[in-house]
Amino acid sequence: MVKVECIIRPEKIADVKDSLANVGVHGMTVTEVIGCGFQKGHTASLNWNTELNINLLPKIKVEMIVTDDEVEDVIAAIVKVAKTGEIGDGKIFTSPITDAVRIRTEERGDKAI
Ligand SMILES: Nc1ncnc2c1ncn2[C@@H]1O[C@H](COP(=O)(O)OP(=O)(O)OP(=O)(O)O)[C@@H](O)[C@H]1O
Ligand SMILES: [Mg+2]
């Protein structure tokens with residue numbers, strides 16, 4: 001299993017959710033976040049006082065656990081609708097997941113997602 005985490009433009013969440021449903025992903029966790037990428041980074045300068053100027057933009061984070069064989073389809077489904085080609089389109093991160101438990105039934109692993 002793999003965790004696919006994507007940070008997208010807030011206005012793209014409905015399209016991303018529909019696109020994910022089309023590739024069979026129904027379980028997800030969605031969070032309103034703020035963040036920065038390459039351009040809008042923090043500028044921090046230290047002098048007598050600590051001056052911190054941080055530009056953080058609102059984004060939406062979508063997290064979903066999928067099977068290994070679904071990962072590429074999931075990435076393609078997100079990119080297809082979240083990409084505008086302008087800076088700030090967001091990122092997709094993947095990481096391995098060792099187990100999952102559906103609490104109601106106590107199913108484990110693939111069967112629990
Ligand atoms: N390396 C990172 N680690 C964690 N979150 C990140 C990282 N890079 C970007 N993000 C998250 O993704 C959001 C969107 O990033 P963004 O698309 O601006 O990335 P970028 O690298 O600047 O690419 P682009 O040049 O297309 O703008 C950020 O606001 C932040 O929430
Ligand atoms: Mg950027």
# chains A, B, ... in the order shown; residues from 1 in each chain; ligands from 1
$ residues_near_ligand --ligand "ligand 2" --cutoff "6 Å" --atoms "only C-alpha atoms and all ligand atoms" --output "ChimeraX atom specification"
/A:37-39,87-88
$ write_last_selection --atoms "N, CA, C and O atoms" --output "PDB file, in the first residue's frame"
ATOM      1  N   GLY A  37       5.884  27.021  -1.738  1.00  0.00           N
ATOM      2  CA  GLY A  37       6.711  26.213  -2.623  1.00  0.00           C
ATOM      3  C   GLY A  37       7.958  26.988  -2.965  1.00  0.00           C
ATOM      4  O   GLY A  37       8.497  27.746  -2.149  1.00  0.00           O
ATOM      5  N   PHE A  38       8.416  26.820  -4.174  1.00  0.00           N
ATOM      6  CA  PHE A  38       9.703  27.368  -4.583  1.00  0.00           C
ATOM      7  C   PHE A  38       9.702  28.897  -4.598  1.00  0.00           C
ATOM      8  O   PHE A  38      10.637  29.525  -4.113  1.00  0.00           O
ATOM      9  N   GLN A  39       8.647  29.511  -5.120  1.00  0.00           N
ATOM     10  CA  GLN A  39       8.670  30.965  -5.294  1.00  0.00           C
ATOM     11  C   GLN A  39       8.308  31.735  -4.029  1.00  0.00           C
ATOM     12  O   GLN A  39       8.933  32.736  -3.695  1.00  0.00           O
ATOM     13  N   ILE A  87       2.605  28.476 -12.131  1.00  0.00           N
ATOM     14  CA  ILE A  87       3.237  28.171 -10.856  1.00  0.00           C
ATOM     15  C   ILE A  87       2.170  28.049  -9.766  1.00  0.00           C
ATOM     16  O   ILE A  87       1.135  28.707  -9.828  1.00  0.00           O
ATOM     17  N   GLY A  88       2.441  27.157  -8.804  1.00  0.00           N
ATOM     18  CA  GLY A  88       1.503  26.972  -7.704  1.00  0.00           C
ATOM     19  C   GLY A  88       0.493  25.855  -7.917  1.00  0.00           C
ATOM     20  O   GLY A  88      -0.450  25.724  -7.143  1.00  0.00           O
TER      21      GLY A  88
END
$ select_by_dssp --residues "chain A" --states "strand (DSSP E)" --output "PyMOL selection string"
chain A and resi 2-8+29-35+43-46+50-53+57-66+91-96
$ residues_near_ligand --ligand "ligand 1" --cutoff "8 Å" --atoms "only C-alpha atoms and all ligand atoms" --output "mmCIF file with N, CA, C and O atoms, in the first residue's frame"
data_model
loop_
_atom_site.group_PDB
_atom_site.id
_atom_site.type_symbol
_atom_site.label_atom_id
_atom_site.label_comp_id
_atom_site.auth_asym_id
_atom_site.auth_seq_id
_atom_site.Cartn_x
_atom_site.Cartn_y
_atom_site.Cartn_z
ATOM 1 N N CYS A 6 -1.524 14.772 -1.911
ATOM 2 C CA CYS A 6 -1.363 15.852 -2.882
ATOM 3 C C CYS A 6 -1.780 17.173 -2.274
ATOM 4 O O CYS A 6 -2.699 17.241 -1.455
ATOM 5 N N ILE A 7 -1.034 18.200 -2.649
ATOM 6 C CA ILE A 7 -1.339 19.572 -2.252
ATOM 7 C C ILE A 7 -1.796 20.263 -3.532
ATOM 8 O O ILE A 7 -1.038 20.315 -4.505
ATOM 9 N N ILE A 8 -3.021 20.753 -3.521
ATOM 10 C CA ILE A 8 -3.597 21.303 -4.756
ATOM 11 C C ILE A 8 -4.186 22.694 -4.505
ATOM 12 O O ILE A 8 -4.353 23.118 -3.364
ATOM 13 N N ARG A 9 -4.524 23.350 -5.608
ATOM 14 C CA ARG A 9 -5.233 24.628 -5.494
ATOM 15 C C ARG A 9 -6.628 24.357 -4.909
ATOM 16 O O ARG A 9 -7.308 23.424 -5.360
ATOM 17 N N VAL A 33 -4.976 23.632 4.284
ATOM 18 C CA VAL A 33 -3.625 23.898 4.790
ATOM 19 C C VAL A 33 -3.134 25.238 4.244
ATOM 20 O O VAL A 33 -3.748 25.839 3.351
ATOM 21 N N ILE A 34 -2.036 25.698 4.792
ATOM 22 C CA ILE A 34 -1.314 26.799 4.165
ATOM 23 C C ILE A 34 0.105 26.322 3.920
ATOM 24 O O ILE A 34 0.619 25.460 4.636
ATOM 25 N N GLY A 35 0.715 26.846 2.870
ATOM 26 C CA GLY A 35 2.061 26.365 2.564
ATOM 27 C C GLY A 35 2.776 27.269 1.588
ATOM 28 O O GLY A 35 2.247 28.299 1.141
ATOM 29 N N CYS A 36 3.991 26.866 1.269
ATOM 30 C CA CYS A 36 4.770 27.606 0.280
ATOM 31 C C CYS A 36 5.601 26.627 -0.519
ATOM 32 O O CYS A 36 5.958 25.549 -0.053
ATOM 33 N N GLY A 37 5.884 27.021 -1.738
ATOM 34 C CA GLY A 37 6.711 26.213 -2.623
ATOM 35 C C GLY A 37 7.958 26.988 -2.965
ATOM 36 O O GLY A 37 8.497 27.746 -2.149
ATOM 37 N N PHE A 38 8.416 26.820 -4.174
ATOM 38 C CA PHE A 38 9.703 27.368 -4.583
ATOM 39 C C PHE A 38 9.702 28.897 -4.598
ATOM 40 O O PHE A 38 10.637 29.525 -4.113
ATOM 41 N N GLN A 39 8.647 29.511 -5.120
ATOM 42 C CA GLN A 39 8.670 30.965 -5.294
ATOM 43 C C GLN A 39 8.308 31.735 -4.029
ATOM 44 O O GLN A 39 8.933 32.736 -3.695
ATOM 45 N N LYS A 40 7.256 31.263 -3.365
ATOM 46 C CA LYS A 40 6.680 32.081 -2.291
ATOM 47 C C LYS A 40 7.300 31.755 -0.934
ATOM 48 O O LYS A 40 6.622 31.775 0.077
ATOM 49 N N LEU A 56 2.537 32.400 3.199
ATOM 50 C CA LEU A 56 1.927 31.077 3.107
ATOM 51 C C LEU A 56 0.588 31.206 2.399
ATOM 52 O O LEU A 56 -0.239 32.040 2.767
ATOM 53 N N LEU A 57 0.399 30.381 1.379
ATOM 54 C CA LEU A 57 -0.819 30.455 0.581
ATOM 55 C C LEU A 57 -1.772 29.327 0.950
ATOM 56 O O LEU A 57 -1.333 28.213 1.255
ATOM 57 N N PRO A 58 -3.077 29.592 0.908
ATOM 58 C CA PRO A 58 -4.031 28.518 1.195
ATOM 59 C C PRO A 58 -4.003 27.445 0.111
ATOM 60 O O PRO A 58 -3.977 27.761 -1.091
ATOM 61 N N LYS A 59 -3.974 26.223 0.536
ATOM 62 C CA LYS A 59 -4.007 25.071 -0.375
ATOM 63 C C LYS A 59 -4.901 24.018 0.249
ATOM 64 O O LYS A 59 -5.290 24.131 1.417
ATOM 65 N N LYS A 61 -4.972 19.858 1.055
ATOM 66 C CA LYS A 61 -4.205 18.608 1.063
ATOM 67 C C LYS A 61 -5.171 17.437 1.023
ATOM 68 O O LYS A 61 -6.125 17.392 1.803
ATOM 69 N N GLY A 85 -0.594 24.545 -15.468
ATOM 70 C CA GLY A 85 0.654 24.928 -16.126
ATOM 71 C C GLY A 85 1.269 26.189 -15.534
ATOM 72 O O GLY A 85 2.378 26.576 -15.894
ATOM 73 N N GLU A 86 0.537 26.817 -14.619
ATOM 74 C CA GLU A 86 1.050 28.010 -13.931
ATOM 75 C C GLU A 86 1.730 27.596 -12.634
ATOM 76 O O GLU A 86 1.424 26.537 -12.082
ATOM 77 N N ILE A 87 2.605 28.476 -12.131
ATOM 78 C CA ILE A 87 3.237 28.171 -10.856
ATOM 79 C C ILE A 87 2.170 28.049 -9.766
ATOM 80 O O ILE A 87 1.135 28.707 -9.828
ATOM 81 N N GLY A 88 2.441 27.157 -8.804
ATOM 82 C CA GLY A 88 1.503 26.972 -7.704
ATOM 83 C C GLY A 88 0.493 25.855 -7.917
ATOM 84 O O GLY A 88 -0.450 25.724 -7.143
ATOM 85 N N ASP A 89 0.678 25.033 -8.943
ATOM 86 C CA ASP A 89 -0.255 23.927 -9.183
ATOM 87 C C ASP A 89 -0.216 22.877 -8.089
ATOM 88 O O ASP A 89 -1.177 22.129 -7.928
ATOM 89 N N GLY A 90 0.896 22.817 -7.351
ATOM 90 C CA GLY A 90 0.943 21.893 -6.219
ATOM 91 C C GLY A 90 1.908 20.736 -6.409
ATOM 92 O O GLY A 90 2.711 20.719 -7.340
ATOM 93 N N LYS A 91 1.808 19.775 -5.536
ATOM 94 C CA LYS A 91 2.751 18.646 -5.494
ATOM 95 C C LYS A 91 2.003 17.368 -5.163
ATOM 96 O O LYS A 91 0.951 17.392 -4.525
#
$ atom_distance --atom1 "atom CA of Ile97 of chain A" --atom2 "atom CA of Ala82 of chain A"
24.5 Å
$ closest_residue --among "A:Asp18, A:Glu32, A:Glu63, A:Asp68" --to "Glu5 of chain A" --atoms "only C-alpha atoms"
A:Glu63
$ closest_residue --among "A:Thr67, A:Asn22, A:Asn55, A:Thr29" --to "Pro96 of chain A" --atoms "only C-alpha atoms"
A:Thr67
$ residues_around --residues "segment 104-113 of chain A" --least-positions-apart "4" --cutoff "10 Å" --atoms "only C-alpha atoms" --output "PyMOL selection string"
chain A and resi 1+25-28+64-68+97-100
$ write_last_selection --atoms "C-alpha atoms" --output "mmCIF file, in the first residue's frame"
data_model
loop_
_atom_site.group_PDB
_atom_site.id
_atom_site.type_symbol
_atom_site.label_atom_id
_atom_site.label_comp_id
_atom_site.auth_asym_id
_atom_site.auth_seq_id
_atom_site.Cartn_x
_atom_site.Cartn_y
_atom_site.Cartn_z
ATOM 1 C CA MET A 1 0.000 0.000 0.000
ATOM 2 C CA VAL A 25 -10.545 5.945 -5.076
ATOM 3 C CA HIS A 26 -13.302 6.748 -2.613
ATOM 4 C CA GLY A 27 -11.556 6.984 0.748
ATOM 5 C CA MET A 28 -9.611 10.150 1.384
ATOM 6 C CA MET A 64 -5.369 8.624 0.372
ATOM 7 C CA ILE A 65 -4.048 5.125 0.893
ATOM 8 C CA VAL A 66 -4.179 3.027 -2.268
ATOM 9 C CA THR A 67 -2.827 -0.306 -3.481
ATOM 10 C CA ASP A 68 0.566 -0.380 -5.192
ATOM 11 C CA ILE A 97 2.280 2.255 4.181
ATOM 12 C CA THR A 98 2.778 -0.879 6.253
ATOM 13 C CA ASP A 99 -0.764 -1.634 7.383
ATOM 14 C CA ALA A 100 -4.352 -0.431 7.596
#
$ atom_distance --atom1 "atom CA of Asp69 of chain A" --atom2 "atom CA of Asp15 of chain A"
22.5 Å
